[in-house]
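work_22.tsv, holding TSV, C-alpha atoms:
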chain	number	residue	atom	x	y	z
E	1	MET	CA	11.48	-4.58	-3.96
E	2	ARG	CA	13.06	-3.67	-0.65
E	3	GLN	CA	11.01	-4.13	2.54
E	4	THR	CA	11.66	-2.66	5.97
E	5	ILE	CA	9.50	-3.92	8.86
E	6	LEU	CA	8.74	-0.95	11.10
E	7	HIS	CA	6.29	-2.64	13.49
E	8	ARG	CA	4.81	-6.08	13.94
E	9	ASP	CA	2.41	-7.43	16.55
E	10	ALA	CA	-0.53	-9.84	16.61
E	11	ALA	CA	-2.98	-7.35	15.05
E	12	LEU	CA	-0.92	-5.20	12.68
E	13	SER	CA	2.30	-5.03	10.71
E	14	VAL	CA	3.70	-1.78	9.34
E	15	ILE	CA	6.12	-2.22	6.44
E	16	GLU	CA	7.86	0.26	4.17
E	17	TYR	CA	8.12	-0.97	0.58
E	18	ARG	CA	10.61	0.64	-1.83
E	19	CYS	CA	9.95	-0.36	-5.42
E	20	GLN	CA	12.41	0.52	-8.19
E	21	ALA	CA	10.25	-0.79	-11.08
E	22	GLY	CA	9.98	1.43	-14.12
E	23	PRO	CA	8.19	1.43	-17.48
E	24	ALA	CA	10.33	-1.40	-18.88
E	25	GLU	CA	9.47	-3.81	-16.04
E	26	PRO	CA	6.84	-6.43	-16.94
E	27	ALA	CA	3.68	-6.34	-14.82
E	28	PHE	CA	2.43	-9.55	-13.22
E	29	VAL	CA	-0.67	-10.57	-11.27
E	30	GLU	CA	-0.24	-10.62	-7.50
E	31	LEU	CA	-2.53	-11.73	-4.68
E	32	TYR	CA	-3.23	-9.89	-1.44
E	33	ALA	CA	-2.00	-12.29	1.25
E	34	CYS	CA	-3.73	-10.16	3.91
E	35	SER	CA	-5.98	-7.12	3.99
E	36	SER	CA	-3.96	-3.93	3.88
E	37	LEU	CA	-3.82	-0.15	3.46
E	38	SER	CA	-0.81	1.28	1.60
E	39	TYR	CA	-0.07	5.01	1.79
E	40	VAL	CA	1.94	6.28	-1.20
E	41	ARG	CA	4.80	8.38	0.22
E	42	GLU	CA	6.85	8.91	-2.95
E	43	GLY	CA	6.45	8.35	-6.67
E	44	SER	CA	3.43	7.04	-8.52
E	45	PHE	CA	2.14	3.81	-10.07
E	46	GLY	CA	-0.95	2.24	-11.56
E	47	CYS	CA	-2.95	-0.64	-10.14
E	48	GLN	CA	-5.65	-2.77	-11.74
E	49	VAL	CA	-8.09	-4.51	-9.40
E	50	GLY	CA	-11.26	-6.32	-10.44
E	51	GLY	CA	-11.41	-4.62	-13.84
E	52	ALA	CA	-10.92	-1.10	-12.41
E	53	ARG	CA	-7.75	0.89	-13.05
E	54	HIS	CA	-6.35	3.18	-10.35
E	55	GLU	CA	-3.56	5.77	-10.69
E	56	LEU	CA	-1.84	6.36	-7.36
E	57	VAL	CA	0.27	9.40	-6.52
E	58	VAL	CA	1.74	10.79	-3.30
E	59	GLY	CA	-1.01	10.90	-0.68
E	60	SER	CA	-3.14	8.18	-2.30
E	61	VAL	CA	-4.06	5.01	-0.41
E	62	LEU	CA	-4.19	1.58	-2.03
E	63	THR	CA	-6.65	-0.70	-0.26
E	64	GLY	CA	-6.45	-4.48	-0.52
E	65	ARG	CA	-8.76	-7.25	0.60
E	66	VAL	CA	-7.23	-10.64	1.38
E	67	GLY	CA	-7.49	-13.02	-1.56
E	68	ASP	CA	-8.08	-10.37	-4.25
E	69	GLU	CA	-5.81	-10.28	-7.30
E	70	TYR	CA	-4.13	-7.06	-8.46
E	71	LEU	CA	-1.66	-5.88	-11.07
E	72	CYS	CA	0.72	-2.96	-10.47
E	73	THR	CA	2.13	-1.02	-13.41
E	74	HIS	CA	4.85	1.60	-13.62
E	75	GLU	CA	4.48	2.90	-17.16
E	76	HIS	CA	4.39	6.59	-16.18
E	77	HIS	CA	7.10	6.81	-13.54
E	78	ALA	CA	10.68	5.66	-13.92
E	79	GLY	CA	11.89	6.63	-10.44
E	80	GLY	CA	10.15	3.97	-8.40
E	81	ASP	CA	7.83	4.50	-5.45
E	82	VAL	CA	7.69	4.18	-1.68
E	83	CYS	CA	4.64	2.95	0.23
E	84	LEU	CA	3.95	2.66	3.94
E	85	THR	CA	1.78	-0.45	4.25
E	86	PHE	CA	-0.43	-1.41	7.18
E	87	GLN	CA	-1.13	-5.16	7.00
E	88	LEU	CA	-4.10	-6.29	9.07
E	89	SER	CA	-4.30	-9.59	10.93
E	90	PRO	CA	-7.21	-11.89	9.97
E	91	THR	CA	-8.92	-11.02	13.27
E	92	LEU	CA	-8.66	-7.26	12.67
E	93	SER	CA	-9.76	-7.70	9.04
E	94	ASP	CA	-12.81	-9.71	10.16
E	95	GLU	CA	-13.70	-6.92	12.61
E	96	LEU	CA	-13.68	-4.38	9.77
E	97	ASP	CA	-15.74	-6.66	7.53
E	98	ARG	CA	-18.48	-6.79	10.16
E	99	GLY	CA	-18.73	-2.99	10.16
E	100	ALA	CA	-20.85	-0.73	7.98
E	101	HIS	CA	-17.99	-0.15	5.52
E	102	PRO	CA	-15.93	-3.32	4.91
E	103	LEU	CA	-12.49	-2.94	3.36
E	104	LEU	CA	-12.56	-3.48	-0.41
E	105	SER	CA	-9.69	-3.57	-2.88
E	106	GLY	CA	-9.20	-0.29	-4.73
E	107	SER	CA	-7.83	3.12	-3.89
E	108	LEU	CA	-8.58	6.39	-2.17
E	109	PRO	CA	-7.56	9.68	-3.80
E	110	PRO	CA	-4.95	11.88	-2.17
E	111	LEU	CA	-6.28	14.19	0.54
E	112	ALA	CA	-4.52	17.32	1.71
E	113	GLU	CA	-4.44	15.82	5.22
E	114	LEU	CA	-2.55	12.78	3.90
E	115	GLN	CA	-0.05	14.64	1.75
E	116	ALA	CA	2.51	14.92	4.53
E	117	GLU	CA	5.99	16.18	3.86
E	118	ALA	CA	8.31	13.41	2.75
E	119	GLY	CA	10.12	13.25	6.11
E	120	ALA	CA	7.08	13.58	8.36
E	121	LEU	CA	6.52	9.82	8.65
E	122	ASP	CA	10.19	8.98	9.24
E	123	ASN	CA	9.46	8.70	12.96
E	124	PHE	CA	8.17	5.20	12.17
E	125	ARG	CA	11.52	4.19	10.72
E	126	ARG	CA	13.86	2.17	12.92
E	127	GLU	CA	17.51	2.98	12.54

Encoded form (structure tokens):
Amino acid sequence: MRQTILHRDAALSVIEYRCQAGPAEPAFVELYACSSLSYVREGSFGCQVGGARHELVVGSVLTGRVGDEYLCTHEHHAGGDVCLTFQLSPTLSDELDRGAHPLLSGSLPPLAELQAEAGALDNFRRE
């Protein structure tokens, strides 16, 4: 998987992940090293978290809570996927956890407002 760091400071990192995994790639359990929100920009993939299965497509958001295990699958899409991931610092994550709606691992369905054109978020990219 190719990673491009677009922004990093004490509170937040923004990273573009380009995954080329396809149906033949074996899935393996991973662990969220930090709390994060990942916006699916291209492609699709599946994710299993805590017994729940999520299918993510363009415009979906994968949410991850530090310490939770997850398993990504690519059985339906051979072309890979691209995600824009916002990784939260422990301090920022703790702030969210104290709120009325703490960040939990799972996903959010695509919303029309989030289904930006493929090039619309390229302003974040550093050349």

Got a sec: who's within 12 Å of segment 7-17 of chain E, counting all atoms listed in the file, leaving out chain neighbours fewer than 4 positions off, as a count of residues only? 36

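Going from atom CA of Gly50 of chain E over to atom CA of Ile5 of chain E, you cover 28.4 Å.
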
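Picture a line from atom CA of Asp97 of chain E to atom CA of Leu71 of chain E; it runs 23.3 Å.
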
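Put simply, atom CA of Leu103 of chain E is 24.3 Å away from atom CA of Thr4 of chain E.
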
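Among the candidate residues E:Ala24, E:Leu6, E:Leu104, E:Val58, the one lying nearest to His74 of chain E is E:Ala24, with distances computed using all atoms listed in the file.
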
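Closest approach to Leu111 of chain E among E:Val61, E:Ala52, E:Glu30, E:Gly22: E:Val61, based on only C-alpha atoms.
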